[in-house]
Every structure is written in structure tokens, then in C-alpha cells.
$ cat data.csv   # CSV, C-alpha atoms
chain,number,residue,atom,x,y,z
I,161,MET,CA,24.2,0.1,-5.7
I,162,VAL,CA,25.8,-1.3,-8.8
I,163,GLU,CA,28.7,-3.6,-8.1
I,164,HIS,CA,31.5,-4.6,-10.4
I,165,ARG,CA,33.7,-7.7,-10.8
I,166,MET,CA,35.5,-9.8,-13.3
I,167,ILE,CA,34.2,-13.3,-14.3
I,168,ASP,CA,35.7,-16.1,-16.4
I,169,VAL,CA,33.5,-16.9,-19.3
I,170,ASN,CA,34.1,-18.8,-22.5
I,171,GLY,CA,37.9,-18.7,-22.2
I,172,ILE,CA,38.1,-15.0,-21.5
I,173,GLN,CA,37.4,-12.6,-18.7
I,174,LEU,CA,34.4,-10.3,-18.8
I,175,HIS,CA,33.9,-7.2,-16.6
I,176,ILE,CA,30.3,-7.2,-15.4
I,177,ALA,CA,28.2,-4.7,-13.5
I,178,GLU,CA,25.3,-6.1,-11.4
I,179,GLN,CA,22.5,-5.1,-9.1
I,180,GLY,CA,19.4,-6.6,-7.5
I,181,GLU,CA,18.0,-10.1,-6.7
I,182,GLY,CA,15.5,-12.2,-8.6
I,183,PRO,CA,15.3,-13.6,-12.1
I,184,LEU,CA,18.4,-12.8,-14.1
I,185,VAL,CA,18.2,-10.1,-16.8
I,186,VAL,CA,21.3,-9.7,-19.0
I,187,LEU,CA,21.8,-6.3,-20.7
I,188,LEU,CA,24.0,-6.2,-23.8
I,189,HIS,CA,25.4,-2.9,-25.0
I,190,GLY,CA,26.3,-2.0,-28.6
I,191,PHE,CA,28.9,0.2,-30.4
I,192,PRO,CA,30.5,2.4,-29.2
I,193,GLU,CA,29.2,1.7,-25.7
I,194,SER,CA,29.8,-0.2,-22.5
I,195,TRP,CA,27.9,-1.5,-19.5
I,196,HIS,CA,27.4,2.2,-18.6
I,197,SER,CA,24.9,2.7,-21.4
I,198,TRP,CA,22.4,0.8,-19.1
I,199,ARG,CA,23.0,3.1,-16.1
I,200,HIS,CA,19.3,4.2,-16.1
I,201,GLN,CA,18.0,0.6,-16.2
I,202,PHE,CA,19.8,-0.9,-13.1
I,203,GLY,CA,17.8,0.8,-10.4
I,204,PRO,CA,14.3,0.4,-11.8
I,205,LEU,CA,14.8,-3.2,-12.9
I,206,ALA,CA,16.3,-4.1,-9.6
I,207,GLU,CA,13.5,-2.4,-7.7
I,208,ALA,CA,11.0,-4.4,-9.9
I,209,GLY,CA,12.5,-7.6,-8.5
I,210,PHE,CA,15.2,-8.6,-11.1
I,211,ARG,CA,18.9,-9.4,-10.9
I,212,VAL,CA,20.4,-7.1,-13.5
I,213,VAL,CA,23.8,-7.9,-15.0
I,214,ALA,CA,25.5,-5.8,-17.8
I,215,PRO,CA,28.8,-7.0,-19.1
I,216,ASP,CA,31.4,-5.1,-21.1
I,217,GLN,CA,31.2,-7.4,-24.1
I,218,ARG,CA,34.4,-8.9,-25.5
I,219,GLY,CA,36.6,-6.2,-27.1
I,220,TYR,CA,35.1,-3.5,-24.8
I,221,GLY,CA,35.8,-1.7,-21.6
I,222,GLY,CA,37.3,-3.8,-18.8
I,223,SER,CA,36.8,-7.1,-20.7
I,224,ASP,CA,39.4,-9.1,-22.7
I,225,ARG,CA,40.2,-8.1,-26.2
I,226,PRO,CA,41.3,-11.1,-28.2
I,227,GLU,CA,43.7,-10.2,-31.1
I,228,ASP,CA,42.3,-12.7,-33.6
I,229,VAL,CA,39.6,-11.0,-35.7
I,230,SER,CA,37.7,-14.3,-36.0
I,231,ALA,CA,37.3,-14.4,-32.2
I,232,TYR,CA,34.5,-12.0,-32.5
I,233,SER,CA,32.1,-14.1,-34.5
I,234,ILE,CA,28.4,-14.4,-33.6
I,235,PHE,CA,29.1,-17.9,-32.2
I,236,HIS,CA,31.7,-16.4,-29.8
I,237,LEU,CA,29.4,-13.6,-28.8
I,238,VAL,CA,26.4,-15.9,-28.1
I,239,GLY,CA,28.8,-18.3,-26.3
I,240,ASP,CA,29.8,-15.4,-24.0
I,241,VAL,CA,26.1,-14.8,-23.1
I,242,VAL,CA,25.3,-18.5,-22.5
I,243,GLY,CA,28.6,-18.9,-20.5
I,244,LEU,CA,27.8,-15.8,-18.5
I,245,ILE,CA,24.3,-17.0,-17.6
I,246,HIS,CA,25.7,-20.3,-16.4
I,247,ALA,CA,28.7,-18.7,-14.6
I,248,LEU,CA,26.2,-16.6,-12.6
I,249,GLY,CA,24.6,-19.8,-11.4
I,250,GLU,CA,21.5,-19.7,-13.6
I,251,GLU,CA,20.1,-22.0,-16.2
I,252,ARG,CA,18.0,-19.4,-17.9
I,253,ALA,CA,17.7,-15.7,-18.2
I,254,PHE,CA,16.0,-12.8,-19.9
I,255,VAL,CA,18.3,-11.2,-22.5
I,256,VAL,CA,18.0,-7.6,-23.6
I,257,GLY,CA,20.3,-6.0,-26.2
I,258,HIS,CA,20.8,-2.6,-27.9
I,259,ASP,CA,22.5,-1.9,-31.2
I,260,TRP,CA,25.1,-4.7,-31.7
I,261,GLY,CA,23.9,-6.1,-28.4
I,262,ALA,CA,20.5,-6.7,-30.0
I,263,PRO,CA,21.8,-9.2,-32.7
I,264,VAL,CA,23.7,-11.0,-29.9
I,265,ALA,CA,20.5,-11.1,-27.9
I,266,TRP,CA,18.4,-12.3,-30.9
I,267,HIS,CA,20.9,-14.9,-31.9
I,268,THR,CA,21.2,-16.2,-28.3
I,269,ALA,CA,17.4,-16.7,-28.4
I,270,LEU,CA,17.6,-18.2,-31.9
I,271,LEU,CA,20.5,-20.6,-31.2
I,272,ARG,CA,19.8,-21.4,-27.6
I,273,PRO,CA,16.1,-20.9,-26.9
I,274,ASP,CA,16.4,-23.3,-23.9
I,275,VAL,CA,18.4,-20.7,-21.9
I,276,VAL,CA,16.3,-17.6,-22.9
I,277,ARG,CA,13.1,-16.9,-20.9
I,278,GLY,CA,12.4,-13.8,-23.1
I,279,VAL,CA,14.3,-11.6,-25.4
I,280,ALA,CA,14.1,-7.8,-26.2
I,281,GLY,CA,15.9,-5.9,-28.8
I,282,LEU,CA,16.3,-2.1,-28.9
I,283,SER,CA,17.0,-0.4,-32.3
I,284,VAL,CA,18.0,-3.5,-34.3
I,285,PRO,CA,15.2,-5.8,-35.2
I,286,PRO,CA,15.3,-9.6,-35.1
I,287,PRO,CA,17.7,-11.3,-37.7
I,288,PHE,CA,16.4,-12.7,-40.9
I,289,ARG,CA,19.3,-14.0,-43.0
I,290,GLY,CA,19.6,-12.4,-46.4
I,291,ALA,CA,20.4,-14.0,-49.7
I,292,GLN,CA,24.1,-12.9,-49.7
I,293,PRO,CA,26.7,-11.7,-47.3
I,294,PRO,CA,25.9,-8.3,-45.8
I,295,LEU,CA,29.3,-6.7,-46.3
I,296,LYS,CA,29.2,-7.8,-50.0
I,297,THR,CA,25.6,-6.5,-50.3
I,298,MET,CA,26.4,-3.1,-48.9
I,299,ARG,CA,29.7,-2.8,-50.9
I,300,GLU,CA,27.8,-3.4,-54.1
I,301,ARG,CA,24.9,-1.1,-53.2
I,302,PHE,CA,27.0,1.9,-52.0
I,303,GLY,CA,30.3,1.4,-53.7
I,304,GLY,CA,32.2,0.8,-50.5
I,305,HIS,CA,30.9,4.0,-48.8
I,306,PHE,CA,28.6,2.3,-46.3
I,307,TYR,CA,30.1,2.6,-42.8
I,308,TRP,CA,30.3,-1.2,-42.4
I,309,ASN,CA,32.6,-1.4,-45.3
I,310,TYR,CA,34.7,1.5,-44.0
I,311,PHE,CA,34.9,-0.3,-40.6
I,312,GLU,CA,36.0,-3.6,-42.2
I,313,GLN,CA,39.2,-2.0,-43.6
I,314,PRO,CA,42.1,-3.0,-41.3
I,315,GLY,CA,43.3,0.0,-39.3
I,316,ALA,CA,41.4,2.7,-41.0
I,317,ALA,CA,38.5,3.5,-38.6
I,318,ASP,CA,40.8,2.2,-35.7
I,319,ALA,CA,43.2,5.1,-36.3
I,320,GLU,CA,40.6,7.7,-37.1
I,321,PHE,CA,38.6,7.0,-33.9
I,322,ALA,CA,41.7,6.6,-31.6
I,323,ALA,CA,43.2,10.0,-32.7
I,324,ASP,CA,40.9,11.8,-30.3
I,325,THR,CA,38.8,9.3,-28.4
I,326,ARG,CA,36.7,11.8,-26.5
I,327,THR,CA,35.8,13.8,-29.6
I,328,THR,CA,35.1,10.6,-31.6
I,329,LEU,CA,32.6,9.5,-28.9
I,330,ARG,CA,31.1,12.9,-28.6
I,331,LYS,CA,30.5,13.1,-32.4
I,332,LEU,CA,29.2,9.5,-32.7
I,333,LEU,CA,26.8,9.8,-29.8
I,334,TYR,CA,25.4,13.2,-30.8
I,335,SER,CA,25.1,12.6,-34.6
I,336,ALA,CA,23.1,9.4,-34.1
I,337,SER,CA,20.9,10.8,-31.4
I,338,GLY,CA,17.4,12.2,-31.9
I,339,ASP,CA,18.8,15.6,-31.1
I,340,ALA,CA,20.9,15.9,-34.2
I,341,PRO,CA,19.3,17.9,-37.1
I,342,ASP,CA,19.6,15.0,-39.6
I,343,ALA,CA,18.8,12.2,-37.3
I,344,GLY,CA,17.4,9.1,-38.8
I,345,ARG,CA,18.4,9.8,-42.4
I,346,PRO,CA,19.9,6.8,-44.2
I,347,GLU,CA,22.7,8.9,-45.8
I,348,GLN,CA,24.2,9.3,-42.3
I,349,ALA,CA,25.5,5.8,-42.7
I,350,LEU,CA,27.7,6.7,-45.7
I,351,VAL,CA,31.3,7.7,-45.5
I,352,GLU,CA,31.5,10.2,-48.3
I,353,ASP,CA,35.3,10.7,-48.3
I,354,LEU,CA,37.0,7.4,-47.4
I,355,GLU,CA,40.4,9.2,-47.1
I,356,ARG,CA,39.1,11.8,-44.6
I,357,GLY,CA,37.0,9.3,-42.6
I,358,TRP,CA,33.5,9.1,-41.2
I,359,LEU,CA,33.7,11.8,-38.6
I,360,ALA,CA,35.5,14.6,-40.5
I,361,ASP,CA,32.3,16.6,-41.1
I,362,ALA,CA,30.2,15.2,-38.2
I,363,PRO,CA,28.8,17.8,-35.9
I,364,ASN,CA,30.6,18.3,-32.5
I,365,PRO,CA,28.0,20.0,-30.2
I,366,GLU,CA,29.1,22.8,-27.9
I,367,VAL,CA,26.6,21.5,-25.3
I,368,LEU,CA,25.7,17.8,-25.0
I,369,PRO,CA,22.1,16.7,-25.1
I,370,ASP,CA,20.2,16.5,-21.8
I,371,TRP,CA,20.5,12.7,-21.8
I,372,LEU,CA,24.3,12.7,-21.9
I,373,THR,CA,26.5,14.4,-19.3
I,374,GLU,CA,30.2,15.3,-19.5
I,375,ALA,CA,30.7,12.7,-16.7
I,376,ASP,CA,29.0,10.0,-18.8
I,377,LEU,CA,31.3,10.9,-21.6
I,378,ASP,CA,34.3,10.7,-19.2
I,379,THR,CA,33.4,7.2,-18.2
I,380,LEU,CA,32.9,6.0,-21.8
I,381,THR,CA,36.1,7.7,-23.0
I,382,GLU,CA,38.1,5.9,-20.3
I,383,SER,CA,36.7,2.6,-21.4
I,384,PHE,CA,37.9,3.2,-25.0
I,385,GLU,CA,41.4,4.3,-24.0
I,386,PRO,CA,42.9,0.9,-25.1
I,387,GLY,CA,41.5,1.6,-28.6
I,388,PHE,CA,38.6,0.6,-30.9
I,389,THR,CA,39.9,-2.4,-32.7
I,390,GLY,CA,38.2,-5.0,-30.6
I,391,ALA,CA,34.9,-3.3,-31.1
I,392,LEU,CA,35.4,-2.8,-34.8
I,393,ASN,CA,36.2,-6.5,-35.2
I,394,TRP,CA,32.6,-7.3,-34.6
I,395,TYR,CA,31.8,-5.6,-38.0
I,396,ARG,CA,34.7,-7.5,-39.6
I,397,ASN,CA,32.8,-10.7,-38.9
I,398,LEU,CA,29.5,-9.8,-40.6
I,399,ASP,CA,30.1,-12.0,-43.7
I,400,ARG,CA,31.6,-14.7,-41.5
I,401,ASN,CA,28.5,-14.6,-39.4
I,402,TRP,CA,26.3,-15.0,-42.5
I,403,GLU,CA,28.3,-18.1,-43.4
I,404,LEU,CA,28.1,-19.6,-39.9
I,405,THR,CA,24.4,-19.1,-39.6
I,406,ALA,CA,23.5,-20.9,-42.8
I,407,PRO,CA,21.9,-23.8,-40.9
I,408,TRP,CA,19.3,-21.3,-39.4
I,409,GLN,CA,18.2,-20.0,-42.8
I,410,GLY,CA,14.5,-19.4,-42.5
I,411,ALA,CA,14.4,-20.0,-38.7
I,412,VAL,CA,12.7,-17.5,-36.4
I,413,VAL,CA,13.2,-16.5,-32.8
I,414,SER,CA,10.9,-18.6,-30.7
I,415,PRO,CA,11.1,-17.3,-27.1
I,416,PRO,CA,8.7,-14.4,-26.1
I,417,ALA,CA,10.0,-11.3,-27.7
I,418,LEU,CA,9.8,-7.5,-27.6
I,419,TYR,CA,11.2,-4.9,-30.1
I,420,VAL,CA,11.6,-1.2,-29.4
I,421,TYR,CA,13.0,1.6,-31.6
I,422,GLY,CA,13.0,5.4,-32.0
I,423,ASP,CA,11.4,7.0,-35.0
I,424,ARG,CA,14.6,9.2,-35.5
I,425,ASP,CA,17.0,6.2,-35.3
I,426,LEU,CA,19.2,5.6,-38.3
I,427,VAL,CA,19.2,1.8,-38.1
I,428,PRO,CA,15.5,1.2,-38.7
I,429,ALA,CA,15.9,3.3,-41.8
I,430,PHE,CA,18.5,1.0,-43.4
I,431,PRO,CA,17.6,-0.5,-46.8
I,432,GLY,CA,14.9,-3.1,-46.3
I,433,THR,CA,14.5,-2.6,-42.6
I,434,PRO,CA,11.3,-0.6,-42.6
I,435,GLU,CA,9.6,-3.4,-44.6
I,436,LEU,CA,11.0,-6.0,-42.1
I,437,ILE,CA,9.6,-4.1,-39.1
I,438,GLU,CA,6.2,-3.8,-40.7
I,439,ALA,CA,6.1,-7.5,-41.3
I,440,LEU,CA,7.5,-8.5,-37.9
I,441,PRO,CA,4.1,-9.4,-36.2
I,442,GLY,CA,3.5,-11.9,-39.0
I,443,LEU,CA,7.0,-13.3,-38.9
I,444,MET,CA,7.6,-13.6,-35.2
I,445,PRO,CA,5.3,-16.2,-33.6
I,446,ASN,CA,6.0,-15.0,-30.0
I,447,LEU,CA,6.3,-11.2,-30.5
I,448,ARG,CA,4.3,-10.1,-27.4
I,449,ARG,CA,3.1,-6.8,-28.9
I,450,GLU,CA,3.5,-4.6,-31.9
I,451,PRO,CA,6.9,-3.0,-32.3
I,452,VAL,CA,7.1,-0.1,-29.8
I,453,VAL,CA,8.0,3.2,-31.5
I,454,LEU,CA,9.4,6.0,-29.4
I,455,PRO,CA,8.6,9.4,-31.0
I,456,GLY,CA,11.6,11.8,-31.3
I,457,CYS,CA,14.1,9.1,-30.1
I,458,GLY,CA,17.3,8.5,-32.0
I,459,HIS,CA,19.7,5.6,-31.9
I,460,TRP,CA,20.6,5.5,-28.2
I,461,THR,CA,17.2,4.2,-27.1
I,462,GLN,CA,17.6,3.3,-23.4
I,463,GLN,CA,19.7,6.4,-22.8
I,464,GLU,CA,17.6,8.9,-24.6
I,465,ARG,CA,14.2,7.6,-23.4
I,466,PRO,CA,15.0,5.8,-20.1
I,467,ALA,CA,11.6,6.2,-18.5
I,468,GLU,CA,9.7,4.8,-21.5
I,469,VAL,CA,12.2,2.0,-22.1
I,470,ASN,CA,12.1,1.0,-18.4
I,471,LYS,CA,8.3,0.8,-18.3
I,472,VAL,CA,8.0,-1.3,-21.4
I,473,LEU,CA,10.9,-3.6,-20.3
I,474,ILE,CA,9.4,-4.0,-16.8
I,475,ASP,CA,6.0,-4.7,-18.2
I,476,PHE,CA,7.4,-7.4,-20.6
I,477,LEU,CA,9.7,-9.0,-18.0
I,478,THR,CA,7.1,-9.0,-15.2
I,479,GLU,CA,4.4,-10.6,-17.4
I,480,LEU,CA,6.8,-13.4,-18.3
I,481,ARG,CA,8.0,-13.8,-14.7
I,482,ASP,CA,4.6,-13.9,-13.2

$ encode --input "data.csv" --output "C-alpha cells"
Amino acid sequence: MVEHRMIDVNGIQLHIAEQGEGPLVVLLHGFPESWHSWRHQFGPLAEAGFRVVAPDQRGYGGSDRPEDVSAYSIFHLVGDVVGLIHALGEERAFVVGHDWGAPVAWHTALLRPDVVRGVAGLSVPPPFRGAQPPLKTMRERFGGHFYWNYFEQPGAADAEFAADTRTTLRKLLYSASGDAPDAGRPEQALVEDLERGWLADAPNPEVLPDWLTEADLDTLTESFEPGFTGALNWYRNLDRNWELTAPWQGAVVSPPALYVYGDRDLVPAFPGTPELIEALPGLMPNLRREPVVLPGCGHWTQQERPAEVNKVLIDFLTELRD
């Protein structure tokens, strides 16, 4: 059974869910998610002989939500992971992340390879620092209509999303899934009417896809009742993160690595990302296999394709453990 508790980490309290015994595997969720997005991974990974721990990351669910926007920088997020590993009594761990959790996992491996036995990213590929700040880049490219730039405006997305939390999550999860008619198209990432918001015209399905139940949506909705500001603050640090990681310009993730994504996922279609994914085997010295592509899968990788994701994760983790 999955057990829950609070743990002091890096000056804040994190809610964690855990199951199993063995080498530690830390699972990091993305936006707009929680520990619950890993519900299909706990049992199989625990049965394979691993200790599985999934936190609500800072700003999410039952964990603390610092008010200061700058408290959500990549250094804070990596610090939370390193602190969590040590607070759990371990010196090293496997780190797996999805969506925003993937950059946190990749940066943990980049900045602290001594504590990462292996790293896996779902949806978002490894970080390669661009020539200029990402918010600035997208603002210039799309005239402020890229969703990152909408999210960075204080209070805008916060108010839109909190007006009806359940409907917001229903629309976000469905529209980015492989089940949506326009899944994987880059224009999905654009907010056409900044006054009306991102979700005004997003589809709201009468029936949820098979991978998402109303009970799942209930759990996620409850975790966002305090609001979305903490989660959105992660996006508001994108340019700050670019500045902070200047010393790692040109550096690559050195621990053993795995990358998995769906062919109907929006993120791998972002400008420049397809080229990066194609070049990954030559850029990553310890990428253990070619990027794994899941046909028909949208953005919610481990929820939409749990069996395939569990198999590739267990194969990867077991190889490194043994």
C-alpha cells in the first residue's frame, strides 16, 4: 500500500507518498499534477524491488507553497530533491521526472551527479541551455501569445484556472492527451486571446478518456483547491533559471539516462525540440538507449501508457541496480 507523510526538506515541508523497499526511486510530477500522477508506477516498481517515493513538489498539493516567486528557482527545486534523498536516509537515488519534473530530474543529475544513480525524463528532453532567456525568446517569437508568457503575468492564469478548478484540470488534461483531436500540434501552446485566457475554447469532454477516471480528477482537484500560484511560479522563474545555470553552459548530463515521450505530445513539437531529440544520442554520453517513442501517446506519458512506461523504467532501473 502507498503510505503518506510529511517530511522536512530544504527549509520547507513536503508531502510524500511512498511504497516498497530497496534502492530509492524518486518520482517527480509536472504541471498541473501531484504525486497521484504516478499512481500506476508505485505497485510495479515496488514489486520489482525498489523503494518508490513521489513528493508533491513545492507549490503543489500537501506541500508548502512559499510566497516569494524567486523561491521556485531550479536551484530550490534541485535542492528539494537532494534534500529529500538525504532526509530519507540515502546518499544516492534514481530520479525520474515527467513534464516540469523532468527538468528538475535532469538538472539534479547535471548539478549533483554524485547523488544520482540514473535519471529518466518523460516528455521533456534533457536541458541544453539556449543562447538567450527562454521567456524572452518565446515572447519575441510569438508576440507574447506562447503559454509560458501568459503564465508569467502576475495573477492572470492564477485567476482563470482557479475560477473553476475541476473544469480547468479537466480541460488541461484532456486537451494535452493523445485522445484530443489536435494533440501534438504546436499551436496548442498559443493563447490566441490573452483577455479571454488559455482555456476559453479548450474542449471539455463529456466522457473522460479511459486512462483518467472521475475519482482521479477528484483527487487532483482537491490538491489544487489552495490555488495555482505556487505551480505557476515555476514558469515565472524560467529566465532566472537561465541566468543561474550559466556556469553549466555546454555541460551535459553524465549519469546513465533514459528519455521517453509520446508521438502525440505537444512538448516534443516545441520549436527546436524535434532537432534536439534527433541529436540526443550524439549529445548524451550515457544515454542508455535511443529515445523511446510511444505511438498514440500524448503529454501525460505515465498515465496514458502505464504498462509501456513501467516496463521501460523497470528495465532501465534493474539494469543499473544489478

$ residues_around --input "data.csv" --residues "I:Ala340" --least-positions-apart "5" --cutoff "10 Å" --atoms "all atoms listed in the file" --output "list in words"
Leu333, Tyr334, Ser335, Pro363, Pro365, Pro369, Arg424 and Gly458 of chain I

$ atom_distance --input "data.csv" --atom1 "atom CA of I:His267" --atom2 "atom CA of I:Thr328"
29.2 Å

$ atom_distance --input "data.csv" --atom1 "atom CA of I:Glu468" --atom2 "atom CA of I:Tyr421"
11.1 Å

$ atom_distance --input "data.csv" --atom1 "atom CA of I:Val213" --atom2 "atom CA of I:Arg272"
18.9 Å

$ closest_residue --input "data.csv" --among "I:Glu178, I:Asp342, I:Asp318, I:Asp425" --to "I:Asp259" --atoms "only C-alpha atoms"
I:Asp425

$ closest_residue --input "data.csv" --among "I:Phe235, I:Phe210, I:Trp195, I:Phe288" --to "I:Leu443" --atoms "only C-alpha atoms"
I:Phe288

$ closest_residue --input "data.csv" --among "I:Asp240, I:Glu450, I:Glu385, I:Glu320" --to "I:Asp216" --atoms "only C-alpha atoms"
I:Asp240

$ closest_residue --input "data.csv" --among "I:Phe321, I:Trp358, I:Phe191, I:Phe430" --to "I:Gly257" --atoms "all atoms listed in the file"
I:Phe191

$ residues_around --input "data.csv" --residues "I:Leu270" --least-positions-apart "2" --cutoff "8 Å" --atoms "only C-alpha atoms" --output "MDAnalysis selection string"
chainID I and resid 266:268 272:273 411:414

$ decode --input "data.csv" --residues "stretch 264-275 of chain I" --atoms "all heavy atoms" --output "CSV table (one decimal), in the first residue's frame"
chain,number,residue,atom,x,y,z
I,264,VAL,N,13.6,19.1,-13.6
I,264,VAL,CA,14.1,19.0,-12.2
I,264,VAL,C,15.0,17.8,-12.1
I,264,VAL,O,16.1,17.8,-11.5
I,264,VAL,CB,13.0,19.0,-11.2
I,264,VAL,CG1,13.6,18.8,-9.7
I,264,VAL,CG2,12.2,20.3,-11.2
I,265,ALA,N,14.6,16.7,-12.6
I,265,ALA,CA,15.3,15.4,-12.6
I,265,ALA,C,16.6,15.6,-13.4
I,265,ALA,O,17.7,15.3,-12.9
I,265,ALA,CB,14.5,14.3,-13.2
I,266,TRP,N,16.5,16.2,-14.6
I,266,TRP,CA,17.7,16.4,-15.4
I,266,TRP,C,18.7,17.3,-14.8
I,266,TRP,O,19.9,17.0,-14.8
I,266,TRP,CB,17.4,16.9,-16.8
I,266,TRP,CG,16.5,16.1,-17.7
I,266,TRP,CD1,15.3,16.4,-18.3
I,266,TRP,CD2,16.8,14.8,-18.2
I,266,TRP,NE1,14.9,15.4,-19.1
I,266,TRP,CE2,15.8,14.4,-19.1
I,266,TRP,CE3,17.9,13.9,-18.0
I,266,TRP,CZ2,15.8,13.2,-19.8
I,266,TRP,CZ3,17.9,12.7,-18.7
I,266,TRP,CH2,16.8,12.3,-19.5
I,267,HIS,N,18.2,18.4,-14.2
I,267,HIS,CA,19.2,19.3,-13.5
I,267,HIS,C,19.7,18.7,-12.2
I,267,HIS,O,20.9,19.1,-11.9
I,267,HIS,CB,18.5,20.6,-13.2
I,267,HIS,CG,18.4,21.6,-14.4
I,267,HIS,ND1,17.4,21.6,-15.3
I,267,HIS,CD2,19.3,22.5,-14.9
I,267,HIS,CE1,17.6,22.5,-16.3
I,267,HIS,NE2,18.8,23.0,-16.0
I,268,THR,N,19.0,17.9,-11.5
I,268,THR,CA,19.6,17.2,-10.4
I,268,THR,C,20.7,16.4,-10.8
I,268,THR,O,21.8,16.3,-10.2
I,268,THR,CB,18.5,16.3,-9.7
I,268,THR,OG1,17.4,17.1,-9.3
I,268,THR,CG2,19.1,15.7,-8.4
I,269,ALA,N,20.6,15.7,-11.9
I,269,ALA,CA,21.7,14.8,-12.5
I,269,ALA,C,22.8,15.7,-13.0
I,269,ALA,O,24.0,15.3,-12.9
I,269,ALA,CB,21.2,13.9,-13.6
I,270,LEU,N,22.5,16.9,-13.5
I,270,LEU,CA,23.5,17.8,-14.1
I,270,LEU,C,24.3,18.4,-13.0
I,270,LEU,O,25.6,18.5,-13.0
I,270,LEU,CB,22.9,18.8,-14.9
I,270,LEU,CG,23.8,19.9,-15.6
I,270,LEU,CD1,24.7,19.3,-16.6
I,270,LEU,CD2,22.9,21.0,-16.2
I,271,LEU,N,23.6,18.9,-11.9
I,271,LEU,CA,24.3,19.7,-10.9
I,271,LEU,C,24.9,18.8,-9.8
I,271,LEU,O,25.8,19.2,-9.1
I,271,LEU,CB,23.3,20.7,-10.3
I,271,LEU,CG,22.6,21.6,-11.2
I,271,LEU,CD1,21.7,22.6,-10.5
I,271,LEU,CD2,23.5,22.4,-12.1
I,272,ARG,N,24.2,17.6,-9.5
I,272,ARG,CA,24.7,16.8,-8.5
I,272,ARG,C,24.7,15.3,-8.9
I,272,ARG,O,24.0,14.4,-8.4
I,272,ARG,CB,23.7,16.9,-7.3
I,272,ARG,CG,23.8,18.2,-6.5
I,272,ARG,CD,25.2,18.4,-5.9
I,272,ARG,NE,25.7,17.4,-5.1
I,272,ARG,CZ,25.4,17.2,-3.8
I,272,ARG,NH1,24.7,18.2,-3.2
I,272,ARG,NH2,25.9,16.2,-3.1
I,273,PRO,N,25.6,15.0,-9.9
I,273,PRO,CA,25.7,13.7,-10.4
I,273,PRO,C,26.1,12.7,-9.4
I,273,PRO,O,25.9,11.5,-9.5
I,273,PRO,CB,26.7,13.8,-11.5
I,273,PRO,CG,27.5,15.0,-11.2
I,273,PRO,CD,26.5,16.0,-10.6
I,274,ASP,N,26.7,13.2,-8.3
I,274,ASP,CA,27.2,12.3,-7.2
I,274,ASP,C,26.0,11.6,-6.5
I,274,ASP,O,26.2,10.6,-5.8
I,274,ASP,CB,28.1,13.0,-6.2
I,274,ASP,CG,27.4,14.2,-5.6
I,274,ASP,OD1,26.9,15.1,-6.4
I,274,ASP,OD2,27.4,14.4,-4.4
I,275,VAL,N,24.8,12.2,-6.5
I,275,VAL,CA,23.7,11.7,-5.8
I,275,VAL,C,22.7,10.9,-6.7
I,275,VAL,O,21.7,10.4,-6.2
I,275,VAL,CB,22.9,12.7,-5.0
I,275,VAL,CG1,23.9,13.4,-4.0
I,275,VAL,CG2,22.2,13.7,-5.9
